[in-house]
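Participant: Handing over query30.cif, mmCIF, C-alpha atoms.
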```
data_model
#
loop_
_atom_site.label_atom_id
_atom_site.label_comp_id
_atom_site.auth_asym_id
_atom_site.auth_seq_id
_atom_site.Cartn_x
_atom_site.Cartn_y
_atom_site.Cartn_z
CA MET A 1 48.80 99.15 86.92
CA ASP A 2 46.91 96.95 89.37
CA MET A 3 45.10 99.55 91.48
CA GLN A 4 44.20 97.03 94.13
CA GLN A 5 47.90 96.66 94.94
CA ILE A 6 48.24 100.37 95.71
CA VAL A 7 48.58 101.27 99.37
CA VAL A 8 47.99 104.93 100.22
CA ASN A 9 49.86 106.17 103.28
CA LYS A 10 47.07 108.31 104.68
CA GLN A 11 49.04 109.36 107.74
CA LYS A 12 51.88 110.71 105.60
CA THR A 13 49.45 112.68 103.48
CA ARG A 14 47.60 114.08 106.48
CA GLU A 15 50.89 115.18 108.06
CA ALA A 16 52.21 116.66 104.81
CA PHE A 17 48.97 118.55 104.21
CA ALA A 18 48.96 119.87 107.80
CA SER A 19 52.56 120.99 107.38
CA TYR A 20 51.75 122.76 104.11
CA VAL A 21 48.77 124.71 105.45
CA GLN A 22 50.75 125.83 108.50
CA GLY A 23 52.19 128.42 106.15
CA TYR A 24 48.77 130.11 106.01
CA ASP A 25 46.78 131.92 108.69
CA ALA A 26 44.32 129.34 110.05
CA THR A 27 42.58 132.10 112.04
CA ASN A 28 41.41 133.47 108.70
CA PRO A 29 37.92 131.98 108.24
CA LYS A 30 38.59 131.41 104.54
CA VAL A 31 41.72 129.38 105.25
CA ASP A 32 39.93 127.36 107.92
CA LEU A 33 37.06 126.84 105.47
CA LYS A 34 39.37 125.25 102.89
CA ILE A 35 41.20 123.09 105.42
CA ARG A 36 37.92 121.59 106.61
CA HIS A 37 36.55 121.39 103.07
CA THR A 38 39.61 119.42 101.93
CA THR A 39 39.28 116.77 104.63
CA LYS A 40 35.52 116.53 104.12
CA VAL A 41 35.87 116.07 100.36
CA ALA A 42 38.48 113.36 100.91
CA GLU A 43 36.15 111.51 103.31
CA LEU A 44 33.19 111.86 100.95
CA SER A 45 35.26 110.69 97.99
CA GLU A 46 36.24 107.53 99.84
CA ASP A 47 32.62 106.96 100.91
CA ILE A 48 31.27 107.32 97.37
CA ALA A 49 34.11 105.24 95.88
CA LYS A 50 33.13 102.26 98.03
CA THR A 51 29.90 102.06 96.02
CA VAL A 52 31.59 102.25 92.59
CA LYS A 53 33.01 99.17 90.88
CA ASN A 54 36.71 98.93 90.04
CA VAL A 55 37.65 102.02 92.01
CA HIS A 56 40.21 102.15 94.84
CA PRO A 57 38.58 104.06 97.75
CA GLU A 58 41.91 105.17 99.25
CA VAL A 59 43.05 106.60 95.93
CA ALA A 60 39.77 108.54 95.77
CA TRP A 61 40.51 109.81 99.30
CA LEU A 62 43.98 110.95 98.23
CA ILE A 63 42.62 112.84 95.23
CA GLY A 64 40.18 114.57 97.56
CA MET A 65 43.05 115.68 99.77
CA MET A 66 44.84 117.17 96.76
CA HIS A 67 41.92 118.72 94.89
CA ASP A 68 41.98 122.24 96.39
CA ILE A 69 45.67 122.60 97.19
CA GLY A 70 45.77 125.67 94.93
CA ARG A 71 43.14 127.49 97.00
CA PHE A 72 45.51 128.52 99.79
CA GLU A 73 48.00 130.32 97.59
CA GLN A 74 45.12 131.73 95.53
CA LEU A 75 43.71 133.28 98.68
CA ARG A 76 47.08 134.63 99.79
CA LYS A 77 47.79 136.23 96.43
CA TYR A 78 44.34 137.46 95.44
CA ASP A 79 42.20 137.39 98.63
CA THR A 80 39.37 135.66 96.78
CA PHE A 81 38.12 132.21 95.83
CA ILE A 82 36.50 133.52 92.65
CA ASP A 83 38.59 132.10 89.81
CA SER A 84 37.43 134.69 87.28
CA GLN A 85 38.87 137.41 89.50
CA SER A 86 42.14 135.62 90.20
CA VAL A 87 43.38 132.30 88.81
CA ASP A 88 41.93 128.90 87.86
CA HIS A 89 42.47 127.20 91.21
CA ALA A 90 42.42 123.67 89.75
CA ALA A 91 45.08 124.42 87.14
CA PHE A 92 47.05 126.37 89.74
CA GLY A 93 46.90 123.42 92.12
CA CYS A 94 48.22 121.09 89.42
CA GLU A 95 51.07 123.52 88.78
CA LEU A 96 52.02 123.45 92.45
CA LEU A 97 51.71 119.67 92.66
CA PHE A 98 53.38 118.59 89.44
CA GLN A 99 55.58 121.45 88.23
CA ASP A 100 56.79 122.58 91.64
CA ARG A 101 56.71 118.89 92.73
CA LEU A 102 54.68 119.45 95.87
CA CYS A 103 53.21 116.01 95.15
CA GLU A 104 56.46 114.40 96.26
CA THR A 105 55.92 115.59 99.82
CA MET A 106 52.20 114.78 99.80
CA TYR A 107 52.19 111.09 98.84
CA GLU A 108 54.65 108.34 97.99
CA GLU A 109 53.12 106.44 95.07
CA ARG A 110 54.31 108.16 91.87
CA ALA A 111 52.23 105.75 89.79
CA LEU A 112 49.19 107.74 90.93
CA ASP A 113 50.42 111.07 89.55
CA ALA A 114 48.49 110.87 86.27
CA ILE A 115 45.23 109.98 88.04
CA VAL A 116 45.64 112.73 90.62
CA GLU A 117 46.65 115.37 88.09
CA THR A 118 43.81 114.62 85.70
CA ALA A 119 41.10 114.40 88.35
CA VAL A 120 42.25 117.59 90.08
CA SER A 121 42.58 119.50 86.81
CA VAL A 122 38.97 118.84 85.72
CA HIS A 123 37.21 118.96 89.08
CA SER A 124 35.92 122.52 88.72
CA MET A 125 35.19 122.50 84.98
CA TYR A 126 31.61 122.87 83.81
CA ARG A 127 31.88 119.47 82.12
CA ILE A 128 34.52 116.73 82.15
CA PRO A 129 36.42 116.73 78.83
CA GLU A 130 35.88 113.68 76.62
CA THR A 131 39.64 113.24 76.51
CA VAL A 132 39.80 111.96 80.10
CA PRO A 133 40.87 108.28 79.93
CA ASP A 134 38.27 105.67 80.85
CA GLU A 135 40.34 104.34 83.75
CA ILE A 136 40.54 107.81 85.32
CA LEU A 137 36.99 108.96 84.57
CA PRO A 138 35.35 107.37 87.65
CA TYR A 139 37.84 109.10 89.94
CA ALA A 140 37.11 112.45 88.29
CA LYS A 141 33.37 111.91 88.68
CA ILE A 142 33.68 110.85 92.32
CA LEU A 143 35.79 113.89 93.16
CA ARG A 144 33.36 116.25 91.46
CA ASP A 145 30.44 114.70 93.36
CA ALA A 146 32.21 114.96 96.70
CA ASP A 147 33.23 118.54 96.00
CA LYS A 148 29.69 119.55 95.05
CA ILE A 149 28.25 117.94 98.17
CA ASP A 150 30.61 119.67 100.55
CA ILE A 151 30.46 123.05 98.82
CA ILE A 152 26.87 123.29 100.06
CA ARG A 153 27.92 122.58 103.65
CA ALA A 154 30.87 124.94 103.50
CA ASN A 155 28.74 127.77 102.15
CA MET A 156 26.18 127.34 104.89
CA GLU A 157 28.76 127.31 107.68
CA THR A 158 30.60 130.40 106.41
CA PRO A 159 29.03 133.83 105.79
CA LEU A 160 28.17 133.97 102.10
CA THR A 161 29.27 137.59 101.95
CA ASP A 162 32.79 136.41 102.83
CA ILE A 163 32.79 133.64 100.24
CA TYR A 164 31.49 135.83 97.41
CA ASN A 165 33.34 138.99 98.49
CA VAL A 166 30.16 141.08 98.39
CA THR A 167 28.21 143.31 100.77
CA HIS A 168 25.07 142.25 102.63
CA GLU A 169 23.00 144.55 100.41
CA GLU A 170 24.50 143.15 97.20
CA LEU A 171 23.67 139.58 98.21
CA TYR A 172 20.39 139.82 100.09
CA GLY A 173 18.87 142.64 98.09
CA ALA A 174 19.49 141.32 94.57
CA GLU A 175 17.15 139.44 92.26
CA VAL A 176 18.14 136.18 90.57
CA THR A 177 19.12 136.87 86.97
CA LYS A 178 16.40 135.70 84.57
CA GLU A 179 18.79 133.54 82.51
CA VAL A 180 20.05 131.84 85.68
CA LEU A 181 16.54 130.88 86.75
CA GLU A 182 15.69 129.62 83.26
CA GLN A 183 18.85 127.49 83.25
CA PHE A 184 17.92 126.09 86.66
CA LYS A 185 14.58 124.96 85.26
CA THR A 186 16.44 122.71 82.79
CA HIS A 187 17.93 120.68 85.68
CA SER A 188 21.52 121.59 84.90
CA ALA A 189 24.35 123.51 86.53
CA ILE A 190 24.60 127.26 85.96
CA PRO A 191 27.47 128.35 83.68
CA ARG A 192 29.63 131.09 85.18
CA ALA A 193 28.94 133.39 82.25
CA LEU A 194 25.26 133.62 83.18
CA LYS A 195 25.89 134.76 86.75
CA LYS A 196 25.48 138.52 87.00
CA ALA A 197 24.13 139.14 90.52
CA ALA A 198 25.65 137.94 93.79
CA VAL A 199 22.60 135.81 94.55
CA ASP A 200 23.15 133.94 91.27
CA HIS A 201 26.06 132.16 92.97
CA VAL A 202 23.65 130.74 95.56
CA VAL A 203 21.41 129.39 92.81
CA GLY A 204 24.49 128.06 91.05
CA HIS A 205 25.54 126.10 94.09
CA ILE A 206 22.05 124.65 94.56
CA SER A 207 22.06 123.60 90.89
CA LEU A 208 25.13 121.43 91.47
CA THR A 209 22.74 118.81 92.85
CA PHE A 210 21.45 118.18 89.32
CA GLU A 211 24.95 117.13 88.25
CA LEU A 212 25.63 114.40 90.82
CA GLU A 213 26.70 111.19 89.10
CA TYR A 214 26.23 108.47 91.71
CA PRO A 215 23.23 107.33 93.78
CA ARG A 216 25.31 107.43 96.96
CA SER A 217 26.16 111.07 96.23
CA LEU A 218 22.51 112.07 95.93
CA GLN A 219 21.70 110.11 99.08
CA ILE A 220 24.35 112.02 101.03
CA MET A 221 23.17 115.36 99.63
CA LYS A 222 19.63 114.62 100.81
CA GLU A 223 20.67 113.34 104.23
CA GLN A 224 23.04 116.11 105.27
CA GLY A 225 20.32 118.80 105.18
CA TRP A 226 22.48 121.70 104.00
CA LEU A 227 20.78 121.83 100.60
CA THR A 228 17.43 122.54 102.25
CA LYS A 229 18.99 125.30 104.31
CA MET A 230 20.56 126.88 101.22
CA MET A 231 17.25 126.78 99.36
CA ASN A 232 15.68 128.69 102.26
CA PHE A 233 17.89 131.66 101.38
CA PRO A 234 16.70 134.63 103.51
CA SER A 235 16.49 137.26 100.79
CA GLU A 236 15.25 140.71 101.70
CA ASN A 237 13.81 141.14 98.20
CA GLU A 238 10.20 140.01 97.70
CA ILE A 239 10.75 139.08 94.05
CA THR A 240 13.76 136.97 95.02
CA ARG A 241 11.78 135.19 97.72
CA GLN A 242 9.25 134.26 95.05
CA GLN A 243 12.06 133.07 92.80
CA PHE A 244 13.41 130.84 95.56
CA ALA A 245 9.94 129.37 96.09
CA VAL A 246 10.12 128.25 92.44
CA ILE A 247 13.66 126.93 92.97
CA ARG A 248 12.55 124.87 95.99
CA GLU A 249 9.62 123.41 94.07
CA ILE A 250 11.81 122.40 91.12
CA MET A 251 14.45 120.83 93.35
CA GLN A 252 11.93 118.99 95.53
CA GLU A 253 10.39 117.44 92.41
CA PHE A 254 13.85 116.43 91.21
CA LEU A 255 14.81 114.85 94.52
CA ALA A 256 11.52 112.96 94.67
#
```
Go ahead and render the structure in this file as structure tokens.
Facilitator:
Amino acid sequence: MDMQQIVVNKQKTREAFASYVQGYDATNPKVDLKIRHTTKVAELSEDIAKTVKNVHPEVAWLIGMMHDIGRFEQLRKYDTFIDSQSVDHAAFGCELLFQDRLCETMYEERALDAIVETAVSVHSMYRIPETVPDEILPYAKILRDADKIDIIRANMETPLTDIYNVTHEELYGAEVTKEVLEQFKTHSAIPRALKKAAVDHVVGHISLTFELEYPRSLQIMKEQGWLTKMMNFPSENEITRQQFAVIREIMQEFLA
């Protein structure tokens, strides 16, 4: 397939996505969060794709628009975005798109189905499986970068207690789990299995910066400023404040 011949009807996708999310309560901050996150990830994906060889920016945009389609029904059914407490939102999104055929209302080019399905299915995995075809791999990497970048913004614009489904005391009074901090020091993302305390999720999101694949992605992460705000987490626990001082130092050295 000659990707350069593909024309993505952005207007159709925007209208179809808007129609789909009308079925959910946009006054719910969590629904609004995911609507804005979706459009931001699509824009970031297109931006990053323009700096990557042999990648179609509009296809990257489309994948961004599809990547979290499972989040809305996940929230309706389970009232949480935590996959371990509900359902794998990426796999669930692929089920909606390609088993229930929601994809047919979202975009016209069926030749893109394999790319969209693969990229969406792996976007929230700890690592991309080696089985992902070479021609799809850049799209998967771009989507993961864009998602990581905007997760930081989304978490800073929405109360973290709402996102993590925890109390103020559970989040701002907890210490970072020792294993989480040690993992952070290795410059890698935090596996879900290590996260025990609510504040570990904050450290986990900061650690996503280590995983960015493309120079443009790291440039955007630096420029948008949300990472700095997240690292200045206002813990009410003195030990945790000391832990975040270490986290800031490690990340600042990495970014330099």
Participant: Written as a PyMOL selection string, what is the full residue list that the PyMOL selection byres ((chain A and resi 18) around 12) yields on the file shown?
Facilitator: chain A and resi 11-17+19-24+26+32+35-36+38-39+65+69+105-106
Participant: List, as number ranges by chain, every residue that the PyMOL selection byres ((chain A and resi 192) around 9) selects in the file provided.
Facilitator: A: 84, 126, 190-191, 193-196, 201, 204
Participant: Go ahead and write the residues just picked, C-alpha atoms, as a JSON list (two decimals), in the coordinates of the input.
Facilitator:
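Final output, saved to out_25.json:
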```json
[["chain", "number", "residue", "atom", "x", "y", "z"],
["A", 84, "SER", "CA", 37.43, 134.69, 87.28],
["A", 126, "TYR", "CA", 31.61, 122.87, 83.81],
["A", 190, "ILE", "CA", 24.60, 127.26, 85.96],
["A", 191, "PRO", "CA", 27.47, 128.35, 83.68],
["A", 193, "ALA", "CA", 28.94, 133.39, 82.25],
["A", 194, "LEU", "CA", 25.26, 133.62, 83.18],
["A", 195, "LYS", "CA", 25.89, 134.76, 86.75],
["A", 196, "LYS", "CA", 25.48, 138.52, 87.00],
["A", 201, "HIS", "CA", 26.06, 132.16, 92.97],
["A", 204, "GLY", "CA", 24.49, 128.06, 91.05]]
```
Participant: Report the residues retrieved by the PyMOL selection byres ((chain A and resi 41) around 10) from the displayed file, expressed as an NGL selection string.
Facilitator: :A and (36-40 or 42-47 or 60-68 or 142-151)
Participant: Could you state the separation of atom CA of Val180 of chain A and atom CA of Gln242 of chain A in Å, given to one decimal place?
Facilitator: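 Separation between atom CA of Val180 of chain A and atom CA of Gln242 of chain A: 14.5 Å.
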Participant: Kindly give the distance, in Å, that separates atom CA of Pro57 of chain A and atom CA of Ala119 of chain A, rounded to a single decimal.
Facilitator: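 A separation of 14.2 Å between them.
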Participant: I'd like the contact shell of segment 221-229 of chain A - 8 Å cut-off, all atoms listed in the file, skipping same-chain residues fewer than 3 positions apart - returned as a VMD selection string.
Facilitator: chain A and resid 149 152 to 153 156 206 209 217 to 218 232 to 233 255
Participant: Return the single residue from A:Ser124, A:Thr161, A:Thr167, A:Gln252 that is closest to Asp83 of chain A, with distances computed using only C-alpha atoms.
Facilitator: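 Among the listed residues, A:Ser124 lies closest to Asp83 of chain A.
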Participant: Of the candidates A:Glu169, A:Glu108, A:Glu175, A:Asp25, which one gets nearest to Asp200 of chain A if we count all atoms listed in the file?
Facilitator: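 The shortest atom-to-atom distance to Asp200 of chain A comes from A:Glu175.
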